[in-house]
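J.: Sharing a structure with you now.
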Amino acid sequence: MISFLAKGGYLMFPILLCSVISLAIIIERFVNLREDKVIPKDFFNRIKGLLLEGHINEVLSICSKSNKPIAKIIEAGIMKYYFGRDEIKEAIEDAGRHEIAYLEKYLNILSTVAGVTPLLGLLGT
């Protein structure tokens, strides 16, 4: 493997580094974006049951203690419970936009690496 890299020239090492960075980001996103981490079924079913029973304060307490994206979105909607449908919808959309930053973490680095690596390959030829 080392001899293959040496034959490729000096630009093979930045290409290898880009590959390692890409693989690390892909693995990290795969681990952190599994469905049971983003929208855990047991959490969602518990919240749904409490809301149907009318225990709004308990739901707010559970959501404020959780660090899941869905918990923050539900909490934002429930905080506007008494203000009407339009206010609830706007609060949920705002919280969703805020949580997208967490869900898209490192994707800008991955897109940069994906754009630069082929150019490094062309420069090496």
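Here's how to read the names in the structure tokens: chain A, B, ... by the order shown, residue numbers from 1 in each chain, ligand numbers from 1 in the order shown.
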What's around Glu75 (chain A) at 8 Å? Count only C-alpha atoms, leave out sequence neighbours fewer than 2 positions away in its own chain, and write the answer as a list in words.

T.: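 So the residues in contact are Val59, Leu60, Cys63, Ser64, Ala71, Lys72, Ile73, Gly77, Ile78 and Met79 of chain A.
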
J.: Could you dump the residues just selected with N, CA, C and O atoms as a PDB file, in the first residue's frame?

T.:
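Output (part.pdb):
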```
ATOM      1  N   VAL A  59     -45.160  16.123  29.930  1.00  0.00           N
ATOM      2  CA  VAL A  59     -44.517  16.044  28.614  1.00  0.00           C
ATOM      3  C   VAL A  59     -43.439  17.117  28.488  1.00  0.00           C
ATOM      4  O   VAL A  59     -42.336  16.849  27.999  1.00  0.00           O
ATOM      5  N   LEU A  60     -43.740  18.328  28.926  1.00  0.00           N
ATOM      6  CA  LEU A  60     -42.746  19.407  28.891  1.00  0.00           C
ATOM      7  C   LEU A  60     -41.529  19.057  29.736  1.00  0.00           C
ATOM      8  O   LEU A  60     -40.391  19.332  29.347  1.00  0.00           O
ATOM      9  N   CYS A  63     -39.497  16.395  27.820  1.00  0.00           N
ATOM     10  CA  CYS A  63     -38.837  16.963  26.642  1.00  0.00           C
ATOM     11  C   CYS A  63     -37.675  17.874  27.024  1.00  0.00           C
ATOM     12  O   CYS A  63     -36.650  17.894  26.345  1.00  0.00           O
ATOM     13  N   SER A  64     -37.818  18.621  28.112  1.00  0.00           N
ATOM     14  CA  SER A  64     -36.734  19.521  28.509  1.00  0.00           C
ATOM     15  C   SER A  64     -35.520  18.751  29.022  1.00  0.00           C
ATOM     16  O   SER A  64     -34.397  19.239  28.938  1.00  0.00           O
ATOM     17  N   ALA A  71     -37.450  15.778  20.674  1.00  0.00           N
ATOM     18  CA  ALA A  71     -37.907  16.309  21.959  1.00  0.00           C
ATOM     19  C   ALA A  71     -37.932  17.829  21.940  1.00  0.00           C
ATOM     20  O   ALA A  71     -38.875  18.456  22.441  1.00  0.00           O
ATOM     21  N   LYS A  72     -36.927  18.428  21.338  1.00  0.00           N
ATOM     22  CA  LYS A  72     -36.873  19.890  21.270  1.00  0.00           C
ATOM     23  C   LYS A  72     -37.981  20.435  20.371  1.00  0.00           C
ATOM     24  O   LYS A  72     -38.562  21.482  20.655  1.00  0.00           O
ATOM     25  N   ILE A  73     -38.295  19.716  19.315  1.00  0.00           N
ATOM     26  CA  ILE A  73     -39.355  20.147  18.403  1.00  0.00           C
ATOM     27  C   ILE A  73     -40.716  20.020  19.075  1.00  0.00           C
ATOM     28  O   ILE A  73     -41.552  20.927  18.995  1.00  0.00           O
ATOM     29  N   GLY A  77     -43.461  23.083  20.196  1.00  0.00           N
ATOM     30  CA  GLY A  77     -44.870  23.090  19.830  1.00  0.00           C
ATOM     31  C   GLY A  77     -45.784  23.163  21.045  1.00  0.00           C
ATOM     32  O   GLY A  77     -46.779  23.882  21.053  1.00  0.00           O
ATOM     33  N   ILE A  78     -45.430  22.436  22.089  1.00  0.00           N
ATOM     34  CA  ILE A  78     -46.273  22.406  23.286  1.00  0.00           C
ATOM     35  C   ILE A  78     -46.207  23.738  24.032  1.00  0.00           C
ATOM     36  O   ILE A  78     -47.192  24.161  24.644  1.00  0.00           O
ATOM     37  N   MET A  79     -45.070  24.409  23.979  1.00  0.00           N
ATOM     38  CA  MET A  79     -44.953  25.713  24.638  1.00  0.00           C
ATOM     39  C   MET A  79     -45.936  26.729  24.048  1.00  0.00           C
ATOM     40  O   MET A  79     -46.339  27.671  24.715  1.00  0.00           O
TER      41      MET A  79
END
```

J.: Taking a cut-off of 10 Å and counting only C-alpha atoms, can you build a table that, for each residue of region 23-93 of chain A near region 97-115 of chain A, reports the nearest atom pair and how far apart they are in Å (one decimal), sorted by chain then residue number, as JSON lines?

T.:
```
{"residue": "A:Leu23", "atom": "CA", "partner": "A:Leu110", "partner_atom": "CA", "distance": 9.3}
{"residue": "A:Ala24", "atom": "CA", "partner": "A:Leu110", "partner_atom": "CA", "distance": 9.8}
{"residue": "A:Ile25", "atom": "CA", "partner": "A:Tyr106", "partner_atom": "CA", "distance": 6.8}
{"residue": "A:Ile26", "atom": "CA", "partner": "A:Leu110", "partner_atom": "CA", "distance": 8.4}
{"residue": "A:Glu28", "atom": "CA", "partner": "A:Tyr106", "partner_atom": "CA", "distance": 9.2}
{"residue": "A:Arg29", "atom": "CA", "partner": "A:Lys105", "partner_atom": "CA", "distance": 8.2}
{"residue": "A:Asn32", "atom": "CA", "partner": "A:Leu103", "partner_atom": "CA", "distance": 8.5}
{"residue": "A:Leu33", "atom": "CA", "partner": "A:Leu103", "partner_atom": "CA", "distance": 7.3}
{"residue": "A:Val38", "atom": "CA", "partner": "A:Leu103", "partner_atom": "CA", "distance": 8.8}
{"residue": "A:Lys68", "atom": "CA", "partner": "A:Glu99", "partner_atom": "CA", "distance": 9.3}
{"residue": "A:Pro69", "atom": "CA", "partner": "A:Glu99", "partner_atom": "CA", "distance": 5.9}
{"residue": "A:Ile70", "atom": "CA", "partner": "A:Glu99", "partner_atom": "CA", "distance": 8.5}
{"residue": "A:Lys72", "atom": "CA", "partner": "A:Glu99", "partner_atom": "CA", "distance": 8.0}
{"residue": "A:Ile73", "atom": "CA", "partner": "A:Glu99", "partner_atom": "CA", "distance": 7.9}
{"residue": "A:Ala91", "atom": "CA", "partner": "A:Arg97", "partner_atom": "CA", "distance": 9.9}
{"residue": "A:Ile92", "atom": "CA", "partner": "A:Arg97", "partner_atom": "CA", "distance": 8.6}
{"residue": "A:Glu93", "atom": "CA", "partner": "A:Arg97", "partner_atom": "CA", "distance": 6.2}
```

J.: Using C-alpha atoms, can you export the residues from the last selection as a short mmCIF file (atom, residue, chain, number, x, y, z; two decimals), in the first residue's frame?

T.:
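So again_22.cif came out as:
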```
data_model
loop_
_atom_site.label_atom_id
_atom_site.label_comp_id
_atom_site.auth_asym_id
_atom_site.auth_seq_id
_atom_site.Cartn_x
_atom_site.Cartn_y
_atom_site.Cartn_z
CA LEU A 23 -14.83 7.83 5.91
CA ALA A 24 -14.75 9.25 9.45
CA ILE A 25 -17.63 11.65 8.67
CA ILE A 26 -19.69 8.92 7.01
CA GLU A 28 -20.04 9.35 12.50
CA ARG A 29 -23.21 10.38 10.64
CA ASN A 32 -25.61 9.44 15.05
CA LEU A 33 -28.45 9.49 12.54
CA VAL A 38 -33.25 10.75 16.15
CA LYS A 68 -33.06 14.34 21.18
CA PRO A 69 -34.00 16.56 18.22
CA ILE A 70 -37.60 15.37 18.27
CA LYS A 72 -36.87 19.89 21.27
CA ILE A 73 -39.35 20.15 18.40
CA ALA A 91 -42.82 27.22 16.62
CA ILE A 92 -42.41 23.67 15.32
CA GLU A 93 -40.98 24.91 12.02
#
```

J.: Would you mind reading off the distance between CA of Asp42 (chain A) and CA of Gly54 (chain A), one decimal, in Å?

T.: 18.4 Å

J.: For Met12 (chain A), work out the shell of residues within 12 Å, counting only C-alpha atoms and skipping chain neighbours fewer than 4 positions away, then give it as number ranges by chain.

T.: A: 1-8, 16-19, 117-125

J.: Between A:Ile88, A:Ile21, A:Leu52, A:Ile39, which residue has the minimum interatomic distance to Asn67 (chain A), considering only C-alpha atoms?

T.: A:Ile39

J.: Please, what distance in Å, to one decimal, runs between CA of Arg34 (chain A) and CA of Ile62 (chain A)?

T.: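 Calculated distance between CA of Arg34 (chain A) and CA of Ile62 (chain A) is 21.2 Å.
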
J.: In chain A, what's helix (DSSP H, G or I) per DSSP? Answer as number ranges by chain?

T.: A: 2-8, 12-32, 35-38, 41-53, 56-65, 69-79, 81-83, 85-103, 107-124

J.: Rounded to one decimal place, report the CA of Glu90 (chain A)-CA of Ile74 (chain A) distance in Å.

T.: 12.2 Å
